[in-house]
Amino acid sequence: MIKRLLMTILLSGSLALAAIAQVPFGDYFEDKALRLDFFHVGDAKEETITPDRIFEEALWPGSRSHLLDPFNSRRYGGGSIGFDYCVTTVDHAASRQVFVHEFGHSFAGLADEYYQSEIAYNDFYPKGVEPLEPNITALLDPANIKWKELLSPGISLPTEYGKEKIETLQAERRKNREAQAKAIEQAKQKGTGEAEVKKIEAKFREADKTLTRQIENVRKQYESLSDKVGAFEGASYASKGLFRPMMYCLMISSPKNEFCLVCQRAIARMIDYYAPVPGSKGLR
Ligand SMILES: [Zn+2]
């Protein structure tokens with residue numbers, strides 16, 4: 001019946017996200033019976049799942065419950081459906097972070113904060129429309145930004161953090177790496193000796209190191225912004241026109257493995273919604 005096993009967790013205050021983040025994943029799911037072999041539909045060969053199939057499940061728990069579906073696989077990956085459902089693999093080195101990231105989507109309706117520097121705008125969030133998600137903004141009205149109460153005093157909106165400089169250097173480094181691969185390939189085709197190939201490698205490696213150092217230097221210049229809340233351009237797959245609250249967050253990447261303060265607030269609000277404290281004033 002493992003294919004029918006659904007983990008329905010009626011969230012309460014005791015299931016604070018912080019608890020999940022701090023408890024080792026293996027301990028949290030100590031009962032291995034709760035670890036599914038693959039997708040909950042039980043097909044080990046299945047690699048994609050559509051919302052329709054999830055909703056067809058006889059035991060679908062409904063919108064007031066939350067389905068978390070980790071499955072045994074060494075592959076990197078996960079996915080989620082806002083306010084309903086998330087899945088991740090559990091045996092990849094990054095699985096714990098992926099799980100918490102996906103949980104952020106499915107539990108609190110958070111948007112992805114990562115983006116690709118080559119993609120300026122995307123169709124996912126139409127220009128000139130403020131996104132619904134609590135952790136990204138189109139910054140159409142900076143004076144009333146949705147995380148106004150959390151802004152760091154005196155921060156400029158949008159917040160300059162060296163993005164253009166870093167991305168220009170990263171693009172140069174990418175080009176250099178591509179040129180290296182090409183030069184080595186050509187040298188090998190010509191039957192160039194090992195020593196000569198090593199020389200070519202060394203030349204490109206030096207340029208790579210210099211660019212990496214320059215990137216790090218720009219990052220250092222803006223290091224003091226790492227704990228500040230502002231409006232940092234680049235979010236939800238778009239390099240331009242969408243802004244995130246902080247430089248680092250589990251919805252983009254976080255050296256400290258933490259959600260930004262705005263995402264933390266969104267999660268706390270959702271916990272209040274599911275498990276309001278009697279007598280409290282409700283949402284924070
Ligand atoms: Zn965030």
# chains A, B, ... in the order shown; residues from 1 in each chain; ligands from 1
$ residues_near_ligand --ligand "ligand 1" --cutoff "7 Å" --atoms "only C-alpha atoms and all ligand atoms" --output "list in words"
Glu113, Asn135, Arg244, Pro245, Met246, Cys249, Leu250, Met251, Phe259, Cys260, Leu261, Val262 and Cys263 of chain A
$ residues_around --residues "range 146-158 of chain A" --least-positions-apart "5" --cutoff "12 Å" --atoms "only C-alpha atoms" --output "PyMOL selection string"
chain A and resi 130-141+163+224-234+240-246+260-266+284
$ select_by_dssp --residues "range 84-253 of chain A" --states "alpha helix (DSSP H)" --output "number ranges by chain"
A: 95-108, 163-189, 194-221
$ residues_around --residues "Lys165 in chain A" --least-positions-apart "5" --cutoff "12 Å" --atoms "only C-alpha atoms" --output "list in words"
Ser117, Glu160, Gln170, Ala171, Glu172, Leu211, Gln214, Ile215, Glu216, Asn217, Val218, Arg219, Gln221 and Tyr222 of chain A
$ write_last_selection --atoms "C-alpha atoms" --output "short mmCIF file (atom, residue, chain, number, x, y, z; two decimals), in the first residue's frame"
data_model
loop_
_atom_site.label_atom_id
_atom_site.label_comp_id
_atom_site.auth_asym_id
_atom_site.auth_seq_id
_atom_site.Cartn_x
_atom_site.Cartn_y
_atom_site.Cartn_z
CA SER A 117 21.22 37.39 -15.89
CA GLU A 160 22.27 49.22 -5.68
CA GLN A 170 30.53 36.89 -14.89
CA ALA A 171 29.72 37.16 -18.60
CA GLU A 172 33.40 37.78 -19.35
CA LEU A 211 37.91 37.73 -13.10
CA GLN A 214 37.32 41.02 -9.40
CA ILE A 215 33.85 39.55 -8.80
CA GLU A 216 34.73 38.87 -5.17
CA ASN A 217 35.99 42.44 -4.78
CA VAL A 218 32.70 43.89 -6.00
CA ARG A 219 30.80 41.56 -3.66
CA GLN A 221 32.16 46.38 -1.56
CA TYR A 222 28.48 45.67 -0.97
#
$ atom_distance --atom1 "CA of Ser253 in chain A" --atom2 "CA of Tyr114 in chain A"
7.6 Å
$ select_by_dssp --residues "range 67-189 of chain A" --states "strand (DSSP E or B)" --output "VMD selection string"
chain A and resid 67 to 71 78 to 81 85 to 89 115 137
$ residues_around --residues "Val197 in chain A" --least-positions-apart "4" --cutoff "8 Å" --atoms "only C-alpha atoms" --output "PyMOL selection string"
chain A and resi 184+187-188+192-193+201
$ decode --residues "range 128-153 of chain A" --atoms "N, CA and C atoms" --output "PDB file, in the first residue's frame"
ATOM      1  N   GLY A 128       4.461  45.842 -15.525  1.00  0.00           N
ATOM      2  CA  GLY A 128       3.497  46.831 -15.055  1.00  0.00           C
ATOM      3  C   GLY A 128       2.437  46.272 -14.134  1.00  0.00           C
ATOM      4  N   VAL A 129       2.544  44.995 -13.785  1.00  0.00           N
ATOM      5  CA  VAL A 129       1.573  44.383 -12.868  1.00  0.00           C
ATOM      6  C   VAL A 129       2.319  43.920 -11.618  1.00  0.00           C
ATOM      7  N   GLU A 130       1.817  44.293 -10.466  1.00  0.00           N
ATOM      8  CA  GLU A 130       2.468  43.886  -9.224  1.00  0.00           C
ATOM      9  C   GLU A 130       2.182  42.404  -8.955  1.00  0.00           C
ATOM     10  N   PRO A 131       3.224  41.581  -8.784  1.00  0.00           N
ATOM     11  CA  PRO A 131       2.980  40.154  -8.524  1.00  0.00           C
ATOM     12  C   PRO A 131       2.283  39.950  -7.173  1.00  0.00           C
ATOM     13  N   LEU A 132       1.535  38.857  -7.103  1.00  0.00           N
ATOM     14  CA  LEU A 132       0.792  38.557  -5.873  1.00  0.00           C
ATOM     15  C   LEU A 132       1.689  38.070  -4.736  1.00  0.00           C
ATOM     16  N   GLU A 133       2.755  37.386  -5.077  1.00  0.00           N
ATOM     17  CA  GLU A 133       3.580  36.754  -4.050  1.00  0.00           C
ATOM     18  C   GLU A 133       4.159  37.783  -3.078  1.00  0.00           C
ATOM     19  N   PRO A 134       4.284  37.392  -1.818  1.00  0.00           N
ATOM     20  CA  PRO A 134       4.705  38.361  -0.797  1.00  0.00           C
ATOM     21  C   PRO A 134       6.176  38.767  -0.855  1.00  0.00           C
ATOM     22  N   ASN A 135       7.002  38.007  -1.588  1.00  0.00           N
ATOM     23  CA  ASN A 135       8.450  38.234  -1.516  1.00  0.00           C
ATOM     24  C   ASN A 135       9.074  38.791  -2.788  1.00  0.00           C
ATOM     25  N   ILE A 136       8.252  39.210  -3.742  1.00  0.00           N
ATOM     26  CA  ILE A 136       8.812  39.887  -4.921  1.00  0.00           C
ATOM     27  C   ILE A 136       7.930  41.096  -5.238  1.00  0.00           C
ATOM     28  N   THR A 137       8.524  42.074  -5.900  1.00  0.00           N
ATOM     29  CA  THR A 137       7.738  43.250  -6.269  1.00  0.00           C
ATOM     30  C   THR A 137       8.211  43.793  -7.608  1.00  0.00           C
ATOM     31  N   ALA A 138       7.298  44.434  -8.321  1.00  0.00           N
ATOM     32  CA  ALA A 138       7.667  45.126  -9.557  1.00  0.00           C
ATOM     33  C   ALA A 138       8.076  46.568  -9.222  1.00  0.00           C
ATOM     34  N   LEU A 139       7.976  46.929  -7.976  1.00  0.00           N
ATOM     35  CA  LEU A 139       8.363  48.251  -7.460  1.00  0.00           C
ATOM     36  C   LEU A 139       7.665  49.386  -8.225  1.00  0.00           C
ATOM     37  N   LEU A 140       6.368  49.211  -8.409  1.00  0.00           N
ATOM     38  CA  LEU A 140       5.612  50.226  -9.148  1.00  0.00           C
ATOM     39  C   LEU A 140       5.353  51.447  -8.270  1.00  0.00           C
ATOM     40  N   ASP A 141       5.340  51.207  -6.953  1.00  0.00           N
ATOM     41  CA  ASP A 141       5.076  52.298  -6.012  1.00  0.00           C
ATOM     42  C   ASP A 141       6.031  52.139  -4.819  1.00  0.00           C
ATOM     43  N   PRO A 142       7.276  52.586  -5.014  1.00  0.00           N
ATOM     44  CA  PRO A 142       8.292  52.346  -3.972  1.00  0.00           C
ATOM     45  C   PRO A 142       7.883  52.849  -2.585  1.00  0.00           C
ATOM     46  N   ALA A 143       7.098  53.932  -2.538  1.00  0.00           N
ATOM     47  CA  ALA A 143       6.710  54.480  -1.227  1.00  0.00           C
ATOM     48  C   ALA A 143       5.808  53.511  -0.474  1.00  0.00           C
ATOM     49  N   ASN A 144       5.168  52.612  -1.214  1.00  0.00           N
ATOM     50  CA  ASN A 144       4.269  51.651  -0.558  1.00  0.00           C
ATOM     51  C   ASN A 144       4.676  50.224  -0.857  1.00  0.00           C
ATOM     52  N   ILE A 145       5.952  49.979  -0.889  1.00  0.00           N
ATOM     53  CA  ILE A 145       6.451  48.629  -1.155  1.00  0.00           C
ATOM     54  C   ILE A 145       5.843  47.655  -0.140  1.00  0.00           C
ATOM     55  N   LYS A 146       5.530  46.430  -0.586  1.00  0.00           N
ATOM     56  CA  LYS A 146       4.733  45.531   0.270  1.00  0.00           C
ATOM     57  C   LYS A 146       5.442  45.091   1.547  1.00  0.00           C
ATOM     58  N   TRP A 147       6.767  45.268   1.606  1.00  0.00           N
ATOM     59  CA  TRP A 147       7.455  44.946   2.865  1.00  0.00           C
ATOM     60  C   TRP A 147       7.988  46.225   3.544  1.00  0.00           C
ATOM     61  N   LYS A 148       7.191  47.292   3.379  1.00  0.00           N
ATOM     62  CA  LYS A 148       7.544  48.614   3.893  1.00  0.00           C
ATOM     63  C   LYS A 148       7.993  48.586   5.364  1.00  0.00           C
ATOM     64  N   GLU A 149       7.260  47.846   6.183  1.00  0.00           N
ATOM     65  CA  GLU A 149       7.543  47.825   7.640  1.00  0.00           C
ATOM     66  C   GLU A 149       8.888  47.180   7.930  1.00  0.00           C
ATOM     67  N   LEU A 150       9.384  46.374   7.002  1.00  0.00           N
ATOM     68  CA  LEU A 150      10.632  45.644   7.268  1.00  0.00           C
ATOM     69  C   LEU A 150      11.861  46.316   6.640  1.00  0.00           C
ATOM     70  N   LEU A 151      11.660  47.379   5.875  1.00  0.00           N
ATOM     71  CA  LEU A 151      12.790  48.042   5.192  1.00  0.00           C
ATOM     72  C   LEU A 151      13.844  48.502   6.189  1.00  0.00           C
ATOM     73  N   SER A 152      15.101  48.375   5.822  1.00  0.00           N
ATOM     74  CA  SER A 152      16.173  48.892   6.669  1.00  0.00           C
ATOM     75  C   SER A 152      16.147  50.416   6.596  1.00  0.00           C
ATOM     76  N   PRO A 153      16.321  51.080   7.735  1.00  0.00           N
ATOM     77  CA  PRO A 153      16.248  52.537   7.735  1.00  0.00           C
ATOM     78  C   PRO A 153      17.249  53.151   6.755  1.00  0.00           C
TER      79      PRO A 153
END
